[in-house]
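As provided, target29.tsv (TSV, C-alpha atoms and all ligand atoms) reads as follows.
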```tsv
chain	number	residue	atom	x	y	z
A	252	MET	CA	3.99	31.19	-3.87
A	253	GLU	CA	7.55	30.11	-3.03
A	254	LYS	CA	9.33	28.52	-6.04
A	255	GLU	CA	12.21	26.08	-6.37
A	256	ARG	CA	13.80	24.35	-9.38
A	257	VAL	CA	15.01	20.73	-9.18
A	258	LYS	CA	16.31	18.16	-11.64
A	259	CYS	CA	14.40	15.28	-10.11
A	260	LEU	CA	11.28	15.31	-7.97
A	261	ILE	CA	10.33	12.03	-6.29
A	262	VAL	CA	6.77	11.65	-5.01
A	263	GLY	CA	6.29	8.98	-2.35
A	264	SER	CA	8.35	7.39	0.38
A	265	GLY	CA	7.97	3.62	0.19
A	266	PRO	CA	10.76	1.26	-0.95
A	267	ALA	CA	10.38	2.54	-4.56
A	268	GLY	CA	10.67	6.25	-3.69
A	269	TYR	CA	13.53	5.89	-1.22
A	270	THR	CA	15.48	3.57	-3.56
A	271	ALA	CA	15.00	6.06	-6.41
A	272	ALA	CA	16.39	8.68	-3.99
A	273	ILE	CA	19.50	6.56	-3.29
A	274	TYR	CA	20.25	6.13	-6.99
A	275	THR	CA	19.46	9.70	-8.11
A	276	SER	CA	21.47	11.23	-5.26
A	277	ARG	CA	24.46	8.99	-6.04
A	278	ALA	CA	24.11	10.17	-9.67
A	279	ASN	CA	24.42	13.81	-8.46
A	280	LEU	CA	20.87	14.72	-9.45
A	281	SER	CA	20.19	16.29	-6.00
A	282	PRO	CA	16.71	14.75	-5.79
A	283	VAL	CA	13.95	16.23	-3.66
A	284	LEU	CA	11.51	13.65	-2.27
A	285	TYR	CA	8.14	14.42	-0.68
A	286	GLU	CA	7.01	11.75	1.74
A	287	GLY	CA	3.24	12.16	1.46
A	288	LEU	CA	0.64	11.30	4.07
A	289	GLN	CA	2.26	8.04	5.21
A	290	PRO	CA	6.05	8.53	5.52
A	291	GLY	CA	7.73	5.21	4.83
A	292	GLY	CA	4.64	3.84	3.07
A	293	GLN	CA	2.74	0.63	3.63
A	294	LEU	CA	5.64	-1.28	5.15
A	295	THR	CA	5.59	0.93	8.22
A	296	THR	CA	2.28	-0.71	9.13
A	297	THR	CA	3.67	-4.25	8.76
A	298	SER	CA	5.09	-6.01	11.78
A	299	GLU	CA	7.86	-8.21	10.40
A	300	ILE	CA	9.44	-8.41	6.93
A	301	GLU	CA	10.86	-11.89	6.39
A	302	ASN	CA	11.50	-11.87	2.66
A	303	PHE	CA	13.65	-8.77	2.00
A	304	PRO	CA	17.14	-9.99	1.03
A	305	GLY	CA	19.88	-9.08	3.48
A	306	TYR	CA	17.88	-9.62	6.68
A	307	PRO	CA	18.24	-13.32	7.53
A	308	GLU	CA	16.41	-12.88	10.85
A	309	GLY	CA	13.72	-10.60	9.40
A	310	ILE	CA	13.29	-6.91	10.23
A	311	GLY	CA	10.45	-4.65	11.39
A	312	GLY	CA	8.63	-2.74	8.64
A	313	PHE	CA	9.28	0.64	10.27
A	314	ASP	CA	12.96	-0.15	10.84
A	315	ILE	CA	13.70	-1.19	7.27
A	316	MET	CA	12.13	2.01	5.92
A	317	GLU	CA	14.20	4.12	8.33
A	318	ASP	CA	17.32	2.27	7.11
A	319	ILE	CA	16.56	2.91	3.42
A	320	LYS	CA	15.76	6.57	4.14
A	321	THR	CA	19.02	7.04	6.09
A	322	GLN	CA	20.91	5.44	3.22
A	323	ALA	CA	19.38	7.93	0.73
A	324	GLU	CA	20.12	10.90	3.01
A	325	ARG	CA	23.74	9.79	3.33
A	326	PHE	CA	24.18	10.61	-0.38
A	327	GLY	CA	22.42	13.96	-0.08
A	328	ALA	CA	18.81	13.15	-1.01
A	329	ASP	CA	16.56	15.94	0.30
A	330	ILE	CA	13.70	14.07	1.95
A	331	ARG	CA	10.88	16.31	3.10
A	332	ALA	CA	7.55	16.02	4.88
A	333	GLY	CA	4.82	17.27	2.57
A	334	TYR	CA	2.05	16.28	0.19
A	335	VAL	CA	2.23	16.85	-3.56
A	336	GLU	CA	-1.26	18.12	-4.38
A	337	SER	CA	-0.93	18.35	-8.14
A	338	ILE	CA	1.59	18.33	-10.98
A	339	ASP	CA	1.07	20.23	-14.21
A	340	MET	CA	2.56	17.96	-16.87
A	341	SER	CA	1.59	20.13	-19.83
A	342	VAL	CA	4.58	22.45	-19.25
A	343	ARG	CA	8.38	22.02	-19.09
A	344	PRO	CA	9.72	22.00	-16.47
A	345	PHE	CA	6.81	20.26	-14.76
A	346	LYS	CA	5.15	22.31	-12.02
A	347	ALA	CA	4.20	20.60	-8.75
A	348	VAL	CA	2.25	22.24	-5.94
A	349	ILE	CA	3.21	21.16	-2.42
A	350	ASP	CA	0.67	21.63	0.41
A	351	GLY	CA	-0.80	24.66	-1.41
A	352	ALA	CA	2.24	26.66	-0.31
A	353	LYS	CA	5.16	25.89	-2.60
A	354	GLU	CA	5.79	25.29	-6.29
A	355	ILE	CA	8.53	22.93	-7.41
A	356	GLU	CA	9.69	23.10	-11.02
A	357	ALA	CA	11.12	19.72	-11.99
A	358	ASP	CA	12.86	18.42	-15.12
A	359	THR	CA	11.89	14.85	-14.23
A	360	VAL	CA	9.32	13.33	-11.89
A	361	ILE	CA	9.34	9.85	-10.36
A	362	ILE	CA	5.91	8.81	-9.11
A	363	ALA	CA	6.16	6.26	-6.30
A	364	THR	CA	2.93	6.95	-4.42
A	365	GLY	CA	2.03	3.32	-3.78
A	366	ALA	CA	-1.48	2.09	-3.12
A	367	SER	CA	-4.09	2.39	-0.36
A	368	ALA	CA	-6.30	-0.20	1.31
A	369	LYS	CA	-9.65	-0.95	-0.33
A	370	TYR	CA	-12.95	-1.11	1.53
A	371	LEU	CA	-16.03	-3.18	0.69
A	372	GLY	CA	-18.13	-0.07	0.08
A	373	LEU	CA	-20.66	-0.72	2.87
A	374	GLU	CA	-22.28	2.28	4.55
A	375	ASP	CA	-21.49	0.61	7.88
A	376	GLU	CA	-17.73	0.83	7.21
A	377	LYS	CA	-18.04	4.62	7.31
A	378	LYS	CA	-20.48	4.55	10.22
A	379	TYR	CA	-18.06	2.54	12.38
A	380	SER	CA	-14.83	4.12	11.07
A	381	GLY	CA	-12.52	4.42	14.08
A	382	MET	CA	-15.13	2.53	16.13
A	383	GLY	CA	-14.16	-1.02	15.26
A	384	VAL	CA	-13.42	-0.85	11.51
A	385	SER	CA	-9.78	-0.82	10.44
A	386	ALA	CA	-7.60	-1.66	7.43
A	387	CYS	CA	-4.42	-2.10	9.47
A	388	ALA	CA	-4.09	-4.86	12.05
A	389	THR	CA	-0.60	-3.83	13.13
A	390	CYS	CA	-1.83	-0.27	13.75
A	391	ASP	CA	-5.01	-1.13	15.63
A	392	GLY	CA	-4.70	-4.77	16.73
A	393	PHE	CA	-3.52	-3.72	20.16
A	394	PHE	CA	-7.04	-2.47	21.00
A	395	TYR	CA	-8.47	-5.97	20.56
A	396	ARG	CA	-6.48	-7.93	23.11
A	397	LYS	CA	-8.53	-10.93	24.30
A	398	LYS	CA	-11.46	-9.83	22.09
A	399	VAL	CA	-13.05	-11.33	18.97
A	400	VAL	CA	-12.22	-9.89	15.54
A	401	ALA	CA	-12.86	-10.64	11.87
A	402	VAL	CA	-10.53	-10.17	8.90
A	403	VAL	CA	-12.03	-9.92	5.40
A	404	GLY	CA	-10.02	-11.35	2.51
A	405	GLY	CA	-8.16	-14.50	1.54
A	406	GLY	CA	-4.84	-13.17	0.22
A	407	ASP	CA	-1.41	-12.91	1.83
A	408	THR	CA	-2.32	-9.65	3.53
A	409	ALA	CA	-5.45	-11.14	5.11
A	410	CYS	CA	-3.50	-14.18	6.32
A	411	GLU	CA	-0.74	-11.99	7.76
A	412	GLU	CA	-3.27	-9.78	9.51
A	413	ALA	CA	-5.14	-12.81	10.86
A	414	MET	CA	-1.91	-14.35	12.18
A	415	TYR	CA	-0.91	-11.09	13.82
A	416	LEU	CA	-4.34	-10.63	15.39
A	417	SER	CA	-4.46	-14.26	16.57
A	418	SER	CA	-1.57	-13.51	18.93
A	419	LEU	CA	-3.56	-10.70	20.57
A	420	ALA	CA	-7.25	-11.50	20.19
A	421	LYS	CA	-9.16	-14.40	21.71
A	422	GLU	CA	-10.73	-15.53	18.41
A	423	VAL	CA	-10.21	-14.45	14.79
A	424	TYR	CA	-12.68	-15.10	11.96
A	425	MET	CA	-11.46	-14.89	8.38
A	426	ILE	CA	-14.30	-14.01	6.01
A	427	VAL	CA	-13.42	-15.38	2.56
A	428	ARG	CA	-15.79	-14.96	-0.37
A	429	LYS	CA	-14.52	-17.96	-2.38
A	430	ASP	CA	-14.05	-21.57	-1.32
A	431	TYR	CA	-10.26	-21.20	-1.23
A	432	LEU	CA	-7.55	-18.87	0.03
A	433	ARG	CA	-5.57	-16.98	-2.59
A	434	ALA	CA	-2.57	-16.59	-0.26
A	435	SER	CA	0.78	-18.36	-0.68
A	436	GLN	CA	0.89	-21.96	0.57
A	437	VAL	CA	3.06	-21.12	3.59
A	438	MET	CA	0.57	-18.48	4.78
A	439	GLN	CA	-2.42	-20.75	4.13
A	440	ASP	CA	-0.80	-23.48	6.23
A	441	ARG	CA	-0.11	-21.09	9.09
A	442	VAL	CA	-3.69	-19.79	9.15
A	443	LEU	CA	-5.40	-23.16	8.76
A	444	ASN	CA	-3.28	-24.68	11.55
A	445	LYS	CA	-3.85	-21.89	14.05
A	446	GLU	CA	-6.48	-23.02	16.54
A	447	ASN	CA	-8.01	-19.60	17.26
A	448	ILE	CA	-8.42	-18.65	13.57
A	449	HIS	CA	-11.72	-19.79	12.02
A	450	VAL	CA	-11.92	-19.48	8.23
A	451	LEU	CA	-15.46	-18.92	6.92
A	452	PHE	CA	-15.34	-19.83	3.21
A	453	ASN	CA	-18.00	-18.80	0.64
A	454	THR	CA	-19.00	-15.94	2.91
A	455	ASN	CA	-19.72	-12.26	2.25
A	456	THR	CA	-20.23	-9.41	4.71
A	457	VAL	CA	-23.40	-7.40	4.10
A	458	GLY	CA	-23.45	-5.17	7.19
A	459	LEU	CA	-22.18	-4.42	10.68
A	460	PHE	CA	-24.12	-3.77	13.85
A	461	GLY	CA	-23.56	-2.38	17.34
A	462	GLU	CA	-24.66	0.43	19.67
A	463	ASN	CA	-21.45	2.39	20.34
A	464	GLY	CA	-19.10	0.56	18.01
A	465	VAL	CA	-18.89	-2.72	16.16
A	466	GLU	CA	-20.58	-5.57	18.06
A	467	GLY	CA	-21.09	-7.91	15.15
A	468	ALA	CA	-21.34	-8.54	11.41
A	469	HIS	CA	-24.20	-9.68	9.21
A	470	LEU	CA	-22.90	-12.38	6.87
A	471	VAL	CA	-24.33	-14.32	3.93
A	472	LYS	CA	-23.01	-17.78	3.02
A	473	PHE	CA	-23.30	-19.11	-0.56
A	474	LYS	CA	-24.73	-15.78	-1.71
A	475	GLY	CA	-27.00	-16.01	-4.77
A	476	THR	CA	-27.30	-19.83	-4.68
A	477	PRO	CA	-30.11	-22.14	-3.48
A	478	GLN	CA	-28.04	-22.86	-0.32
A	479	GLU	CA	-27.88	-19.14	0.57
A	480	GLU	CA	-27.85	-18.71	4.33
A	481	GLN	CA	-27.72	-15.63	6.54
A	482	LEU	CA	-25.79	-15.58	9.79
A	483	ASP	CA	-24.56	-13.04	12.31
A	484	ILE	CA	-21.29	-13.24	14.21
A	485	ALA	CA	-20.43	-11.32	17.36
A	486	ILE	CA	-17.17	-9.40	16.91
A	487	ASP	CA	-15.47	-6.37	18.45
A	488	GLY	CA	-13.28	-5.45	15.47
A	489	PHE	CA	-13.64	-5.70	11.68
A	490	PHE	CA	-10.42	-5.61	9.61
A	491	LEU	CA	-10.31	-5.14	5.83
A	492	ALA	CA	-7.56	-6.91	3.89
A	493	ILE	CA	-9.00	-7.10	0.37
A	494	GLY	CA	-6.28	-5.43	-1.66
A	495	HIS	CA	-5.25	-1.94	-2.55
A	496	LYS	CA	-6.03	0.94	-4.93
A	497	PRO	CA	-3.11	2.75	-6.63
A	498	ASN	CA	-2.71	6.35	-5.43
A	499	THR	CA	-3.05	8.39	-8.62
A	500	ASP	CA	-5.89	10.86	-7.87
A	501	PHE	CA	-3.45	13.80	-7.64
A	502	LEU	CA	-2.44	13.22	-11.28
A	503	ASN	CA	-5.90	14.36	-12.46
A	504	GLY	CA	-6.04	12.04	-15.44
A	505	GLN	CA	-2.82	13.31	-17.07
A	506	ILE	CA	-1.08	9.90	-17.01
A	507	ALA	CA	-2.31	6.78	-18.80
A	508	LEU	CA	-3.67	4.16	-16.37
A	509	ASP	CA	-4.83	0.60	-16.99
A	510	GLU	CA	-8.41	-0.47	-16.24
A	511	ALA	CA	-7.56	-1.26	-12.60
A	512	GLY	CA	-6.02	2.21	-12.11
A	513	TYR	CA	-2.30	1.29	-12.24
A	514	ILE	CA	0.07	3.60	-14.14
A	515	ILE	CA	1.03	2.03	-17.46
A	516	THR	CA	4.77	1.85	-18.06
A	517	GLU	CA	6.47	1.26	-21.40
A	518	GLY	CA	7.84	-2.27	-21.84
A	519	ALA	CA	10.47	-3.16	-19.26
A	520	SER	CA	11.14	0.52	-18.50
A	521	THR	CA	9.50	2.83	-15.95
A	522	LYS	CA	8.56	5.41	-18.64
A	523	THR	CA	4.98	6.66	-18.54
A	524	ASN	CA	3.16	8.16	-21.52
A	525	ILE	CA	4.60	11.58	-20.54
A	526	PRO	CA	8.32	11.90	-21.44
A	527	GLY	CA	10.28	12.81	-18.29
A	528	VAL	CA	7.73	11.24	-15.91
A	529	PHE	CA	8.54	7.80	-14.54
A	530	ALA	CA	6.60	5.47	-12.24
A	531	ALA	CA	7.81	2.87	-9.74
A	532	GLY	CA	6.43	0.54	-7.10
A	533	ASP	CA	2.85	-0.46	-6.28
A	534	VAL	CA	1.35	2.52	-8.14
A	535	ALA	CA	2.55	0.93	-11.39
A	536	ASP	CA	2.79	-2.75	-10.52
A	537	PRO	CA	-0.38	-4.86	-10.51
A	538	HIS	CA	1.59	-8.13	-10.56
A	539	TYR	CA	4.36	-8.38	-7.96
A	540	ARG	CA	3.67	-5.70	-5.33
A	541	GLN	CA	6.54	-6.70	-3.06
A	542	ALA	CA	8.91	-4.43	-1.15
A	543	ILE	CA	11.88	-5.85	-3.04
A	544	SER	CA	10.25	-5.53	-6.48
A	545	ALA	CA	9.21	-1.94	-5.64
A	546	ALA	CA	12.78	-1.15	-4.60
A	547	GLY	CA	14.06	-2.65	-7.87
A	548	MET	CA	11.61	-0.54	-9.84
A	549	GLY	CA	12.73	2.57	-7.93
A	550	CYS	CA	16.29	1.83	-9.05
A	551	ARG	CA	15.13	1.49	-12.66
A	552	ALA	CA	13.12	4.74	-12.49
A	553	ALA	CA	16.19	6.59	-11.20
A	554	MET	CA	18.34	5.25	-14.03
A	555	ASP	CA	15.63	6.07	-16.60
A	556	ALA	CA	15.39	9.63	-15.22
A	557	GLU	CA	19.16	10.06	-15.34
A	558	ARG	CA	19.27	8.92	-18.99
A	559	TYR	CA	16.39	11.22	-19.90
A	560	LEU	CA	18.20	14.21	-18.37
A	561	ALA	CA	21.44	13.31	-20.19
A	562	ASP	CA	19.66	12.74	-23.53
A	563	ASN	CA	17.89	16.10	-23.26
A	564	GLY	CA	20.92	18.14	-22.19
A	565	LEU	CA	19.46	18.73	-18.71
A	566	LYS	CA	22.00	16.91	-16.55
A	601	LIG	P1	-4.84	-9.93	-3.05
A	601	LIG	O1	-5.38	-9.22	-4.23
A	601	LIG	O2	-3.82	-10.98	-3.23
A	601	LIG	O3	-6.05	-10.62	-2.25
A	601	LIG	C1	-7.22	-9.93	-1.99
A	601	LIG	C2	-8.18	-10.84	-1.25
A	601	LIG	O4	-9.33	-10.08	-0.93
A	601	LIG	C3	-8.64	-12.02	-2.10
A	601	LIG	O5	-8.87	-13.13	-1.28
A	601	LIG	C4	-9.94	-11.50	-2.70
A	601	LIG	O6	-10.86	-12.51	-2.98
A	601	LIG	C5	-10.47	-10.68	-1.53
A	601	LIG	N1	-11.40	-9.65	-1.98
A	601	LIG	C6	-11.18	-8.66	-2.89
A	601	LIG	N2	-12.26	-7.87	-3.01
A	601	LIG	C7	-13.19	-8.37	-2.15
A	601	LIG	C8	-14.51	-8.01	-1.83
A	601	LIG	N3	-15.11	-6.95	-2.39
A	601	LIG	N4	-15.17	-8.74	-0.92
A	601	LIG	C9	-14.57	-9.80	-0.32
A	601	LIG	N5	-13.32	-10.21	-0.58
A	601	LIG	C10	-12.63	-9.50	-1.48
A	601	LIG	O7	-4.35	-8.75	-2.07
A	601	LIG	P2	-3.31	-8.79	-0.87
A	601	LIG	O8	-3.35	-7.42	-0.32
A	601	LIG	O9	-3.55	-9.91	0.04
A	601	LIG	O10	-1.91	-9.02	-1.57
A	601	LIG	C11	-1.43	-8.16	-2.61
A	601	LIG	C12	-0.08	-8.68	-3.11
A	601	LIG	O11	0.91	-8.51	-2.11
A	601	LIG	C13	-0.12	-10.16	-3.46
A	601	LIG	O12	0.69	-10.38	-4.59
A	601	LIG	C14	0.48	-10.81	-2.25
A	601	LIG	O13	1.09	-12.05	-2.54
A	601	LIG	C15	1.49	-9.77	-1.82
A	601	LIG	N6	1.77	-9.85	-0.36
A	601	LIG	C16	2.88	-10.51	0.03
A	601	LIG	C17	3.22	-10.61	1.35
A	601	LIG	C18	4.46	-11.34	1.71
A	601	LIG	O14	5.05	-11.96	0.84
A	601	LIG	N7	4.91	-11.29	2.94
A	601	LIG	C19	2.38	-10.00	2.39
A	601	LIG	C20	1.21	-9.35	1.89
A	601	LIG	C21	0.93	-9.28	0.55
A	601	LIG	P3	-10.81	-13.37	-4.35
A	601	LIG	O15	-9.70	-14.35	-4.16
A	601	LIG	O16	-12.15	-13.95	-4.37
A	601	LIG	O17	-10.57	-12.40	-5.46
```
Go ahead and express the file in the form of structure tokens.
Amino acid sequence: MEKERVKCLIVGSGPAGYTAAIYTSRANLSPVLYEGLQPGGQLTTTSEIENFPGYPEGIGGFDIMEDIKTQAERFGADIRAGYVESIDMSVRPFKAVIDGAKEIEADTVIIATGASAKYLGLEDEKKYSGMGVSACATCDGFFYRKKVVAVVGGGDTACEEAMYLSSLAKEVYMIVRKDYLRASQVMQDRVLNKENIHVLFNTNTVGLFGENGVEGAHLVKFKGTPQEEQLDIAIDGFFLAIGHKPNTDFLNGQIALDEAGYIITEGASTKTNIPGVFAAGDVADPHYRQAISAAGMGCRAAMDAERYLADNGLK
């Protein structure tokens, strides 16, 4: 297998990974970054970013990630397509296997692999995968012009997806399991004031139906109470927006995670329980999960990695 030795390996290409690449390349660490399965990360599937400082008119999710990547490359960061399959953290330097074809030996590793969309766990989600079930409105919304769709969830993501879909689809249902929306007030106001969005509170999805794709959803209102009521809605598309799962499977249990699966970092630092391995962005942040906070954490991980290399005579 082809081998290569680096001072700093960055895994993941969202705002955290690319920002870590800017800082480590400016610190002359010649970082190598592998982009993973979704180059640019979750933001590339978002239509408009309105809250990243420096863009008073907002910017497209794909465009901002291209900008941050270009900025990192300007300082010499080596950004590569490829998937890090595993990292052996029991040896020094660490040994990472890329696409089963290459081994990278790294003195430090920054994990910035983000998080992936969660599903409800219904058999029907698998059955209708690619046939009406999606976890990305900006990717797939186009197929539902003038149709009827449902979005599951009551957070900011669900509201954003519902707003986006409401500009394409004829009608949008939001299926919310509680009697309130968890989203920020501004997003709640937008959704509740949009005439073609219908919020179904206290409602759970128990199944989907349709001959050659999704034609409707089986819902239950007030589940488990005396007022429990079953209803079906006719829809053409079913969008999940119920949160995300941190992407840590490739670590094979070598790094300490909290009960929700996020990498645990030490105090205000980005240090994991393995010296020389740092974590940044949504994979290690159950609280803020914003592009700007991920970018900030990427900066901190880069500085922590630089200090670790200096302290251990590896710089
Ligand atoms: P959240 O965790 O905030 O919301 C998840 C939603 O899905 C909740 O309404 C939750 O319901 C619901 N849910 C979870 N599991 C299920 C289930 N099994 N069945 C039905 N409903 C379920 O996730 P988001 O992805 O919306 O947001 C994550 C973070 O990113 C938040 O901090 C958010 O503020 C932020 N964000 C910010 C944006 C912005 O500022 N532009 C845009 C998008 C996200 P319940 O309330 O009952 O738990």
Which residue is closest to ligand LIG 601 (chain A)? Choose from A:Gly467, A:Gly494, A:Gly504, A:Pro304 and count all atoms listed in the file.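 Comparing A:Gly467, A:Gly494, A:Gly504, A:Pro304 against ligand LIG 601 (chain A), the winner is A:Gly494.
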Please find the residues contacting ligand LIG 601 (chain A) at a distance of at most 9 Å between atoms, with only C-alpha atoms and all ligand atoms counted, and report them as a PyMOL selection string. chain A and resi 297+299-302+368-372+403-412+426-435+438+454-456+491-495+537-542
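The coordinates place CA of Ala546 (chain A) at 15.5 Å from CA of Glu286 (chain A).
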Have a look at CA of Thr516 (chain A) and CA of Val528 (chain A) and let me know their distance in Å, one decimal.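 According to the coordinates, CA of Thr516 (chain A) and CA of Val528 (chain A) are separated by 10.1 Å.
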Measuring between all atoms listed in the file, which one of A:Ala401, A:Ala366, A:Ala332, A:Ala531 shows the shortest distance to Asp350 (chain A)?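 The closest residue to Asp350 (chain A) is A:Ala332.
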Could you jot down the CA of Val283 (chain A) to CA of Leu260 (chain A) separation for me, Å, one decimal place?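 Pair CA of Val283 (chain A) / CA of Leu260 (chain A) returns 5.2 Å.
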Per residue of region 356-466 of chain A within 8 Å of region 267-270 of chain A, record the nearest atom pair and its distance in Å to one decimal, counting all atoms listed in the file, with rows in chain order and ascending residue number, as a Markdown table.
```
| residue | atom | partner | partner_atom | distance |
| --- | --- | --- | --- | --- |
| A:Ile361 | CA | A:Gly268 | CA | 7.7 |
| A:Ile362 | CA | A:Gly268 | CA | 7.7 |
| A:Ala363 | CA | A:Gly268 | CA | 5.2 |
| A:Thr364 | CA | A:Gly268 | CA | 7.8 |
```
Distance query Gly291 (chain A) at most 9 Å, only C-alpha atoms, self and fewer than 5 positions along chain excluded, as a PDB file with C-alpha atoms, keeping the file's coordinate frame:
```pdb
ATOM      1  CA  GLY A 263       6.290   8.980  -2.350  1.00  0.00           C
ATOM      2  CA  SER A 264       8.350   7.390   0.380  1.00  0.00           C
ATOM      3  CA  GLY A 265       7.970   3.620   0.190  1.00  0.00           C
ATOM      4  CA  PRO A 266      10.760   1.260  -0.950  1.00  0.00           C
ATOM      5  CA  TYR A 269      13.530   5.890  -1.220  1.00  0.00           C
ATOM      6  CA  GLU A 286       7.010  11.750   1.740  1.00  0.00           C
ATOM      7  CA  GLY A 312       8.630  -2.740   8.640  1.00  0.00           C
ATOM      8  CA  PHE A 313       9.280   0.640  10.270  1.00  0.00           C
ATOM      9  CA  MET A 316      12.130   2.010   5.920  1.00  0.00           C
ATOM     10  CA  GLU A 317      14.200   4.120   8.330  1.00  0.00           C
ATOM     11  CA  LYS A 320      15.760   6.570   4.140  1.00  0.00           C
TER      12      LYS A 320
END
```
Non-local contacts of Ala357 (chain A) (6 Å; all atoms listed in the file; under 5 positions in same chain excluded) as a VMD selection string: chain A and resid 256 to 260 344 to 345
